[in-house]
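Novice: Submitted below is the structure of interest, expressed as structure tokens.
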Amino acid sequence: MKPVEEITMSAMAGPHPPAGRSSRDSGSASHPAGPLRDAIQLQAEATFSAVFDSSGEALLLVDREGMIRRANPRARELLRIKKHGSLRHELSDLFPGSSAGQLSRWWDRGASSVPIEGLDASLASGHPVRVTLRAILPDSEHMLLCIEEGSIVQRAEAKWREVEAELRSVLDAVEAGVVLLDRSGRVRFSNFRFGQLFGLNVGALGVIYDFAELEDLLAPRFRDPKAFTAPWQAFAAGGGEPGHDEIEITRPARRVIERFFRPVLDREGRSIGWLELYSDVTGERQIQSKMLQTEKMAALGQLVSGIAHELNNPLTAIMGYAQLLLGHGLLPGPFSEARKVYSQAERARRIVKNLLYFARENQPERTRVDLNEIVERTLALRSYELKVENIAVELDLAPELPPTMADPYQLQQVVLNLLINAEQSLLEVRGRGCVWIKTRLVHRTEDRILLEVSDDGCGVSPEIAWRIFDPFFTTKPAGVGTGLGLSIVYGIVHQHGGEVSYESRPGGGARFLVELPIVPVPADARTPVSPENAGPARAATTGRILVVEDEPTVAQLIADVLREEGHQVEAVLDSQEGLARLSRRHYDLVICDLRMPTLDGPAFYEALVHTGSPLEHRIIFVTGDMLAPRTQEFLRRHGLPYLAKPFLVEELKLAVNRALERGPNEKQGEKQDEKLAVSDSSPGARKS
């Protein structure tokens with residue numbers, strides 16, 4: 001066996017020439033350029049030797065039999081071999097821990113470029129080292145090995161394992177899902193939160209090797225799979241800029257995911273990987289959506305007040321004169337036409353009132369109410385429409401249902417909206433049907449009462465059932481619904497501390513359930529006086545009445561209605577002129593608008609108080625602006641009666657009769673039963 005020092009690069013340059021022929025002879029016979037080839041080979045040998053010997057790493061050349069053919073100075077130093085001393089020929093002689101099996105694995109896997117584990121061994125002196133394969137040389141007969149001091153490697157690996165454990169612990173604790181890929185697309189790291197967002201367990205994450213496998217697993221969960229893969233594909237193509245986007249997943253649950261992505265750079269600014277962070281922002285987006293909706297509703301509330309005032313004045317005149325015509329014994333033809341006018345004005349009034357109910361922020365005014373009575377009263381309002389539309393209504397009202405404290409007008413609005421919703425559903429399906437209305441005590445708690453309104457219409461599909469209480473959401477054709485009815489129901493019920501829900505009715509149709517708390521009724525609480533329960537307007541002692549109203553048609557309507565009742569009425573369009581007349585003449589009652597130019601209603605009232613006029617106790621205000629907090633506060637503070645435009649003729653008569661029945665200096669009542677507010681009503685539906 002030749003000593004290691006005598007091995008040259010020619011031993012690794014390729015197959016040897018046949019016996020009996022020199023390399024030069026062989027080259028001369030078959031290749032005219034043999035001398036040039038020999039020169040190149042010698043140059044390569046010199047270059048290899050220079051690199052091999054000058055390397056700071058401990059390098060060995062080993063053949064297939066495990067014989068050490070060459071060692072560089074750093075290897076000799078580490079192996080404690082003299083500079084010109086001979087080497088041990090067997091690798092196993094230097095490293096007792098080595099084996100033929102390890103050499104075989106190196107040979108078998110070295111050519112595949114797959115990372116190969118090193119050999120942890122000890123020198124004869126007991127010093128720990130690690131031997132790793134660096135390359136299989138071109139002649140395929142020798143391998144290049146590197147020897148590293150085991151203590152340094154072990155300390156470095158231990159430190160890396162410690163850093164990796166710390167990094168994993170930190171990233172597993174953060175709220176964001178994290179995935180890190182190297183330049184070739186291999187998954188280097190993914191944390192627990194990443195798997196949790198997408199419904200993956202730790203085991204499923206552990207077997208993902210590269211982005212292709214990650215895409216196959218996750219892409220079906222995204223509403224738009226291309227949006228998920230786009231940032232990585234841009235990076236893989238040589239681009240990839242830092243950025244963020246929002247993507248929606250449908251599995252394991254519908255969520256909105258915010259993603260931040262960016263390339264990972266080394267110290268020189270070169271891209272070495274790709275990092276993506278995922279956060280669930282579904283709740284935040286819902287809150288933002290609600291805040292935007294709240295802002296829109298606040299803006300709507302500011303607009304509604306002015307719009308309602310402008311619309312309520314003409315509606316008051318239209319509805320009032322239509323009622324006067326209907327009461328004058330018209331022939332069937334004109335009577336039908338007058339009723340159509342009233343019906344359309346009533347529809348417009350209801351739309352305006354719905355907007356006011358929806359936008360109002362004041363708390364409901366609670367009085368003693370009987371839910372059964374409210375149901376019956378509301379049903380009477382719709383009796384004519386239900387009859388002509390061939391819709392039957394079946395009532396199942398629990399006897400002796402306990403009373404509660406609530407706003408009767410708002411509860412009437414709840415029943416009316418649910419009833420109209422059922423009507424429209426039935427008309428949309430087949431033009432006829434049945435509505436069931438039930439009330440009962442909730443036995444599971446016995447402190448709540450239940451209102452159930454159901455129909456045998458088309459019901460609501462599950463896809464949109466969760467949206468039916470949203471403002472302005474409607475499935476009805478244009479002109480049929482405004483999308484406010486059910487949202488008003490939801491708002492009123494929740495204002496009263498109750499709950500409203502929807503469910504499909506067995507056999508088809510819809511069922512709405514309204515639960516209201518039973519609030520104990522104080523001993524001194526009385527049922528409010530209103531047109532629904534006050535009976536027909538009684539003839540009272542006639543009097544001289546001054547109407548102060550800047551809207552000519554409304555002023556004329558009030559005057560015409562009261563003159564028919566036998567009152568002496570004067571109407572002025574200017575509030576200052578009204579004060580002047582009060583100073584010159586005697587009047588028994590003043591009817592005054594709240595919003596007027598120059599001198600508004602509150603200023604007019606303060607002038608009466610300042611002069612000590614007894615009419616401060618005999619004044620009725622009319623207003624189309626019940627939404628404004630200033631209006632509500634003024635009426636509440638002074639306990640003044642009012643009529644909300646557009647009012648009914650019967651309501652005007654009742655308010656005037658009650659005011660004139662008081663003594664000349666009798667103070668207006670400040671109790672709830674002394675107030676008169678507008679309610680849904682229609683001609684021919686007066687209650688006894």
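Residue names in the structure tokens use chain letters A, B, ... in the order shown, residue numbers from 1 in each chain, and ligand numbers from 1 in the order shown.
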Could you pull the residues within 8 Å of range 310-324 of chain A, counting only C-alpha atoms, minus those fewer than 2 positions along the same chain, as a PDB file with N, CA and C atoms, in the first residue's frame?
Specialist:
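Here's the written file part-v7.pdb:
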ATOM      1  N   GLY A 306     -86.447  66.993   9.749  1.00  0.00           N
ATOM      2  CA  GLY A 306     -86.853  68.019   8.788  1.00  0.00           C
ATOM      3  C   GLY A 306     -87.772  67.482   7.716  1.00  0.00           C
ATOM      4  N   ILE A 307     -87.477  66.271   7.225  1.00  0.00           N
ATOM      5  CA  ILE A 307     -88.319  65.673   6.181  1.00  0.00           C
ATOM      6  C   ILE A 307     -89.731  65.428   6.706  1.00  0.00           C
ATOM      7  N   ALA A 308     -89.827  64.886   7.916  1.00  0.00           N
ATOM      8  CA  ALA A 308     -91.132  64.593   8.491  1.00  0.00           C
ATOM      9  C   ALA A 308     -91.952  65.862   8.655  1.00  0.00           C
ATOM     10  N   LEU A 326    -115.497  62.145   3.698  1.00  0.00           N
ATOM     11  CA  LEU A 326    -116.083  60.840   3.994  1.00  0.00           C
ATOM     12  C   LEU A 326    -117.238  60.948   4.987  1.00  0.00           C
ATOM     13  N   GLY A 327    -117.245  61.999   5.803  1.00  0.00           N
ATOM     14  CA  GLY A 327    -118.310  62.165   6.783  1.00  0.00           C
ATOM     15  C   GLY A 327    -119.477  63.000   6.299  1.00  0.00           C
ATOM     16  N   HIS A 328    -119.444  63.418   5.020  1.00  0.00           N
ATOM     17  CA  HIS A 328    -120.499  64.295   4.504  1.00  0.00           C
ATOM     18  C   HIS A 328    -121.559  63.552   3.697  1.00  0.00           C
ATOM     19  N   ALA A 338    -112.889  59.454  -2.492  1.00  0.00           N
ATOM     20  CA  ALA A 338    -112.359  60.099  -1.283  1.00  0.00           C
ATOM     21  C   ALA A 338    -111.643  59.084  -0.394  1.00  0.00           C
ATOM     22  N   ARG A 339    -112.183  57.887  -0.348  1.00  0.00           N
ATOM     23  CA  ARG A 339    -111.537  56.851   0.467  1.00  0.00           C
ATOM     24  C   ARG A 339    -110.163  56.484  -0.101  1.00  0.00           C
ATOM     25  N   VAL A 341    -108.196  58.515  -1.728  1.00  0.00           N
ATOM     26  CA  VAL A 341    -107.302  59.614  -1.352  1.00  0.00           C
ATOM     27  C   VAL A 341    -106.818  59.425   0.080  1.00  0.00           C
ATOM     28  N   TYR A 342    -107.757  59.129   0.971  1.00  0.00           N
ATOM     29  CA  TYR A 342    -107.384  58.932   2.369  1.00  0.00           C
ATOM     30  C   TYR A 342    -106.438  57.740   2.528  1.00  0.00           C
ATOM     31  N   ALA A 345    -102.935  58.628   1.461  1.00  0.00           N
ATOM     32  CA  ALA A 345    -102.332  59.545   2.430  1.00  0.00           C
ATOM     33  C   ALA A 345    -101.955  58.804   3.705  1.00  0.00           C
ATOM     34  N   GLU A 346    -102.812  57.871   4.107  1.00  0.00           N
ATOM     35  CA  GLU A 346    -102.516  57.057   5.292  1.00  0.00           C
ATOM     36  C   GLU A 346    -101.260  56.214   5.067  1.00  0.00           C
ATOM     37  N   ALA A 348     -98.727  56.995   3.100  1.00  0.00           N
ATOM     38  CA  ALA A 348     -97.572  57.903   3.193  1.00  0.00           C
ATOM     39  C   ALA A 348     -97.285  58.272   4.639  1.00  0.00           C
ATOM     40  N   ARG A 349     -98.357  58.492   5.428  1.00  0.00           N
ATOM     41  CA  ARG A 349     -98.162  58.812   6.840  1.00  0.00           C
ATOM     42  C   ARG A 349     -97.481  57.675   7.580  1.00  0.00           C
ATOM     43  N   VAL A 352     -93.732  57.650   6.847  1.00  0.00           N
ATOM     44  CA  VAL A 352     -93.033  58.685   7.608  1.00  0.00           C
ATOM     45  C   VAL A 352     -92.939  58.293   9.078  1.00  0.00           C
ATOM     46  N   GLU A 551     -98.680  77.121   8.371  1.00  0.00           N
ATOM     47  CA  GLU A 551     -99.021  76.371   7.170  1.00  0.00           C
ATOM     48  C   GLU A 551    -100.492  76.641   6.839  1.00  0.00           C
ATOM     49  N   THR A 553    -102.808  75.512   4.719  1.00  0.00           N
ATOM     50  CA  THR A 553    -103.766  74.414   4.567  1.00  0.00           C
ATOM     51  C   THR A 553    -104.088  73.763   5.902  1.00  0.00           C
ATOM     52  N   VAL A 554    -103.089  73.629   6.778  1.00  0.00           N
ATOM     53  CA  VAL A 554    -103.330  73.033   8.087  1.00  0.00           C
ATOM     54  C   VAL A 554    -104.182  73.977   8.938  1.00  0.00           C
ATOM     55  N   LEU A 557    -107.728  73.730   7.694  1.00  0.00           N
ATOM     56  CA  LEU A 557    -108.348  72.458   8.079  1.00  0.00           C
ATOM     57  C   LEU A 557    -108.833  72.514   9.522  1.00  0.00           C
ATOM     58  N   VAL A 561    -112.796  72.148  10.608  1.00  0.00           N
ATOM     59  CA  VAL A 561    -113.271  71.062  11.471  1.00  0.00           C
ATOM     60  C   VAL A 561    -113.965  71.631  12.703  1.00  0.00           C
ATOM     61  N   GLY A 624     -95.122  68.431  13.766  1.00  0.00           N
ATOM     62  CA  GLY A 624     -94.709  67.310  12.919  1.00  0.00           C
ATOM     63  C   GLY A 624     -93.289  66.894  13.209  1.00  0.00           C
ATOM     64  N   LYS A 645     -98.653  65.626  14.049  1.00  0.00           N
ATOM     65  CA  LYS A 645     -99.101  65.592  12.652  1.00  0.00           C
ATOM     66  C   LYS A 645     -98.599  64.321  11.985  1.00  0.00           C
ATOM     67  N   PRO A 646     -99.377  63.783  11.050  1.00  0.00           N
ATOM     68  CA  PRO A 646    -100.754  64.158  10.700  1.00  0.00           C
ATOM     69  C   PRO A 646    -101.724  63.502  11.673  1.00  0.00           C
ATOM     70  N   PHE A 647    -102.613  64.288  12.255  1.00  0.00           N
ATOM     71  CA  PHE A 647    -103.569  63.792  13.228  1.00  0.00           C
ATOM     72  C   PHE A 647    -104.912  63.540  12.548  1.00  0.00           C
ATOM     73  N   LEU A 648    -105.749  62.780  13.233  1.00  0.00           N
ATOM     74  CA  LEU A 648    -107.086  62.486  12.725  1.00  0.00           C
ATOM     75  C   LEU A 648    -108.060  63.566  13.187  1.00  0.00           C
ATOM     76  N   VAL A 649    -109.140  63.715  12.435  1.00  0.00           N
ATOM     77  CA  VAL A 649    -110.165  64.696  12.777  1.00  0.00           C
ATOM     78  C   VAL A 649    -110.726  64.407  14.168  1.00  0.00           C
ATOM     79  N   PRO A 683    -110.619  55.691   9.035  1.00  0.00           N
ATOM     80  CA  PRO A 683    -112.035  56.014   9.142  1.00  0.00           C
ATOM     81  C   PRO A 683    -112.861  54.753   9.355  1.00  0.00           C
TER      82      PRO A 683
END
Novice: Report the residues of range 534-670 of chain A whose backbone DSSP state falls under alpha helix (DSSP H), written as a PyMOL selection string.
Specialist: chain A and resi 552-564+575-584+601-611+629-638+649-661
Novice: Output C-alpha atoms for every residue in that selection, as a PDB file, in the first residue's frame.
Specialist:
ATOM      1  CA  PRO A 552    -102.162  77.773   5.457  1.00  0.00           C
ATOM      2  CA  THR A 553    -103.766  74.414   4.567  1.00  0.00           C
ATOM      3  CA  VAL A 554    -103.330  73.033   8.087  1.00  0.00           C
ATOM      4  CA  ALA A 555    -104.682  76.242   9.650  1.00  0.00           C
ATOM      5  CA  GLN A 556    -107.704  76.138   7.332  1.00  0.00           C
ATOM      6  CA  LEU A 557    -108.348  72.458   8.079  1.00  0.00           C
ATOM      7  CA  ILE A 558    -108.366  73.039  11.845  1.00  0.00           C
ATOM      8  CA  ALA A 559    -110.683  75.998  11.439  1.00  0.00           C
ATOM      9  CA  ASP A 560    -113.087  74.099   9.160  1.00  0.00           C
ATOM     10  CA  VAL A 561    -113.271  71.062  11.471  1.00  0.00           C
ATOM     11  CA  LEU A 562    -113.907  73.148  14.583  1.00  0.00           C
ATOM     12  CA  ARG A 563    -116.444  75.420  12.897  1.00  0.00           C
ATOM     13  CA  GLU A 564    -118.459  72.325  12.004  1.00  0.00           C
ATOM     14  CA  SER A 575     -97.248  83.992  15.752  1.00  0.00           C
ATOM     15  CA  GLN A 576     -96.623  87.653  16.603  1.00  0.00           C
ATOM     16  CA  GLU A 577    -100.003  88.545  15.121  1.00  0.00           C
ATOM     17  CA  GLY A 578    -101.444  85.781  17.311  1.00  0.00           C
ATOM     18  CA  LEU A 579    -100.026  87.412  20.469  1.00  0.00           C
ATOM     19  CA  ALA A 580    -101.393  90.751  19.362  1.00  0.00           C
ATOM     20  CA  ARG A 581    -104.902  89.322  18.987  1.00  0.00           C
ATOM     21  CA  LEU A 582    -104.704  87.681  22.405  1.00  0.00           C
ATOM     22  CA  SER A 583    -103.992  91.083  23.918  1.00  0.00           C
ATOM     23  CA  ARG A 584    -107.064  92.636  22.256  1.00  0.00           C
ATOM     24  CA  GLY A 601     -94.116  77.640  19.872  1.00  0.00           C
ATOM     25  CA  PRO A 602     -91.944  77.603  23.022  1.00  0.00           C
ATOM     26  CA  ALA A 603     -91.362  81.372  22.736  1.00  0.00           C
ATOM     27  CA  PHE A 604     -95.097  81.913  22.195  1.00  0.00           C
ATOM     28  CA  TYR A 605     -95.844  79.911  25.355  1.00  0.00           C
ATOM     29  CA  GLU A 606     -93.231  81.820  27.398  1.00  0.00           C
ATOM     30  CA  ALA A 607     -94.866  85.063  26.310  1.00  0.00           C
ATOM     31  CA  LEU A 608     -98.212  83.821  27.671  1.00  0.00           C
ATOM     32  CA  VAL A 609     -96.583  82.846  30.975  1.00  0.00           C
ATOM     33  CA  HIS A 610     -94.781  86.190  31.194  1.00  0.00           C
ATOM     34  CA  THR A 611     -97.992  88.194  30.734  1.00  0.00           C
ATOM     35  CA  PRO A 629     -85.109  66.151  21.664  1.00  0.00           C
ATOM     36  CA  ARG A 630     -85.801  69.863  22.228  1.00  0.00           C
ATOM     37  CA  THR A 631     -89.454  69.388  21.289  1.00  0.00           C
ATOM     38  CA  GLN A 632     -89.854  66.373  23.560  1.00  0.00           C
ATOM     39  CA  GLU A 633     -88.138  68.087  26.483  1.00  0.00           C
ATOM     40  CA  PHE A 634     -90.309  71.223  26.174  1.00  0.00           C
ATOM     41  CA  LEU A 635     -93.594  69.306  26.116  1.00  0.00           C
ATOM     42  CA  ARG A 636     -92.512  66.999  28.947  1.00  0.00           C
ATOM     43  CA  ARG A 637     -91.253  69.811  31.197  1.00  0.00           C
ATOM     44  CA  HIS A 638     -94.477  71.820  31.019  1.00  0.00           C
ATOM     45  CA  VAL A 649    -110.165  64.696  12.777  1.00  0.00           C
ATOM     46  CA  GLU A 650    -111.517  62.755  15.779  1.00  0.00           C
ATOM     47  CA  GLU A 651    -108.277  63.320  17.680  1.00  0.00           C
ATOM     48  CA  LEU A 652    -108.525  67.072  17.098  1.00  0.00           C
ATOM     49  CA  LYS A 653    -112.137  67.148  18.294  1.00  0.00           C
ATOM     50  CA  LEU A 654    -111.327  65.090  21.395  1.00  0.00           C
ATOM     51  CA  ALA A 655    -108.363  67.267  22.359  1.00  0.00           C
ATOM     52  CA  VAL A 656    -110.398  70.491  21.984  1.00  0.00           C
ATOM     53  CA  ASN A 657    -113.370  69.134  23.969  1.00  0.00           C
ATOM     54  CA  ARG A 658    -111.142  68.026  26.847  1.00  0.00           C
ATOM     55  CA  ALA A 659    -109.313  71.347  26.939  1.00  0.00           C
ATOM     56  CA  LEU A 660    -112.550  73.358  27.031  1.00  0.00           C
ATOM     57  CA  GLU A 661    -113.983  71.142  29.795  1.00  0.00           C
TER      58      GLU A 661
END
Novice: Produce a table with one row for each residue of range 163-235 of chain A that has an atom at most 8 Å from any atom of range 263-282 of chain A, each row naming the nearest atom pair and its distance in Å at one decimal; use only C-alpha atoms; arrange rows by chain and rising residue number; format as JSON lines.
Specialist:
{"residue": "A:Glu175", "atom": "CA", "partner": "A:Ser279", "partner_atom": "CA", "distance": 7.1}
{"residue": "A:Ala176", "atom": "CA", "partner": "A:Ser279", "partner_atom": "CA", "distance": 4.9}
{"residue": "A:Gly177", "atom": "CA", "partner": "A:Tyr278", "partner_atom": "CA", "distance": 4.7}
{"residue": "A:Val178", "atom": "CA", "partner": "A:Leu277", "partner_atom": "CA", "distance": 4.8}
{"residue": "A:Val179", "atom": "CA", "partner": "A:Glu276", "partner_atom": "CA", "distance": 5.5}
{"residue": "A:Leu180", "atom": "CA", "partner": "A:Leu275", "partner_atom": "CA", "distance": 4.7}
{"residue": "A:Leu181", "atom": "CA", "partner": "A:Trp274", "partner_atom": "CA", "distance": 5.1}
{"residue": "A:Asp182", "atom": "CA", "partner": "A:Gly273", "partner_atom": "CA", "distance": 4.0}
{"residue": "A:Arg183", "atom": "CA", "partner": "A:Gly273", "partner_atom": "CA", "distance": 4.5}
{"residue": "A:Ser184", "atom": "CA", "partner": "A:Gly273", "partner_atom": "CA", "distance": 7.9}
{"residue": "A:Gly185", "atom": "CA", "partner": "A:Gly273", "partner_atom": "CA", "distance": 7.9}
{"residue": "A:Phe194", "atom": "CA", "partner": "A:Tyr278", "partner_atom": "CA", "distance": 7.1}
{"residue": "A:Leu197", "atom": "CA", "partner": "A:Asp280", "partner_atom": "CA", "distance": 7.5}
{"residue": "A:Trp232", "atom": "CA", "partner": "A:Trp274", "partner_atom": "CA", "distance": 7.6}
{"residue": "A:Phe235", "atom": "CA", "partner": "A:Pro263", "partner_atom": "CA", "distance": 7.6}
Novice: For CA of Asn417 in chain A and CA of Leu451 in chain A, determine how far apart the two atoms are, in Å to one decimal place.
Specialist: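 One can read the CA of Asn417 in chain A to CA of Leu451 in chain A distance as 13.0 Å.
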Novice: List the neighbours of Arg186 in chain A out to 9 Å using only C-alpha atoms; skip same-chain residues closer than 5 positions along the sequence, and give me the result as a list in words.
Specialist: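 Answer for this query is Leu180, Leu181, Ile208, Tyr209, Asp210, Phe211 and Ala212 of chain A.
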Novice: Using only C-alpha atoms, which protein or nucleic acid residues come within 10 Å of Val375 in chain A? Drop anything in the same chain fewer than 2 positions from it, and give the result as a PyMOL selection string.
Specialist: chain A and resi 370-373+377-380+395+397+411-412+414-416+419+437-439+451
Novice: Generate the output file for the selected residues, N, CA and C atoms, as a CSV table (one decimal), in the first residue's frame.
Specialist:
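Saved result, out19.csv, follows:
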chain,number,residue,atom,x,y,z
A,370,ASP,N,-102.5,46.1,28.4
A,370,ASP,CA,-103.0,44.7,28.2
A,370,ASP,C,-102.7,44.3,26.8
A,371,LEU,N,-101.8,43.3,26.7
A,371,LEU,CA,-101.3,42.9,25.4
A,371,LEU,C,-102.5,42.3,24.6
A,372,ASN,N,-103.5,41.6,25.2
A,372,ASN,CA,-104.6,41.2,24.4
A,372,ASN,C,-105.4,42.3,23.8
A,373,GLU,N,-105.6,43.4,24.6
A,373,GLU,CA,-106.3,44.5,24.1
A,373,GLU,C,-105.6,45.2,23.0
A,377,ARG,N,-107.2,45.7,19.2
A,377,ARG,CA,-107.3,47.0,18.7
A,377,ARG,C,-106.5,47.1,17.4
A,378,THR,N,-105.4,46.5,17.3
A,378,THR,CA,-104.6,46.6,16.1
A,378,THR,C,-105.3,45.8,14.9
A,379,LEU,N,-105.8,44.7,15.3
A,379,LEU,CA,-106.5,43.9,14.3
A,379,LEU,C,-107.7,44.7,13.7
A,380,ALA,N,-108.4,45.5,14.6
A,380,ALA,CA,-109.5,46.3,14.1
A,380,ALA,C,-109.1,47.3,13.0
A,395,LEU,N,-107.6,34.1,16.3
A,395,LEU,CA,-107.1,34.6,17.6
A,395,LEU,C,-107.1,33.5,18.6
A,397,LEU,N,-106.1,34.1,22.3
A,397,LEU,CA,-105.5,35.0,23.3
A,397,LEU,C,-105.8,34.4,24.7
A,411,LEU,N,-96.0,49.1,21.2
A,411,LEU,CA,-96.4,47.7,21.1
A,411,LEU,C,-97.5,47.5,20.0
A,412,GLN,N,-98.3,48.5,19.8
A,412,GLN,CA,-99.3,48.4,18.7
A,412,GLN,C,-98.5,48.4,17.4
A,414,VAL,N,-95.6,47.1,16.9
A,414,VAL,CA,-95.0,45.8,16.7
A,414,VAL,C,-96.0,44.8,16.2
A,415,VAL,N,-97.2,44.8,16.7
A,415,VAL,CA,-98.3,43.9,16.3
A,415,VAL,C,-98.7,44.3,14.8
A,416,LEU,N,-98.8,45.6,14.5
A,416,LEU,CA,-99.2,46.0,13.2
A,416,LEU,C,-98.2,45.6,12.2
A,419,LEU,N,-98.3,41.9,11.5
A,419,LEU,CA,-99.5,41.5,10.8
A,419,LEU,C,-99.4,41.9,9.3
A,437,ILE,N,-102.7,34.4,15.5
A,437,ILE,CA,-102.1,35.3,16.5
A,437,ILE,C,-102.5,34.7,17.9
A,438,LYS,N,-101.4,34.5,18.7
A,438,LYS,CA,-101.6,33.9,20.0
A,438,LYS,C,-100.9,34.7,21.0
A,439,THR,N,-101.4,34.7,22.2
A,439,THR,CA,-100.7,35.2,23.4
A,439,THR,C,-100.8,34.2,24.5
A,451,LEU,N,-96.0,36.7,22.5
A,451,LEU,CA,-96.9,37.0,21.4
A,451,LEU,C,-96.4,36.3,20.2
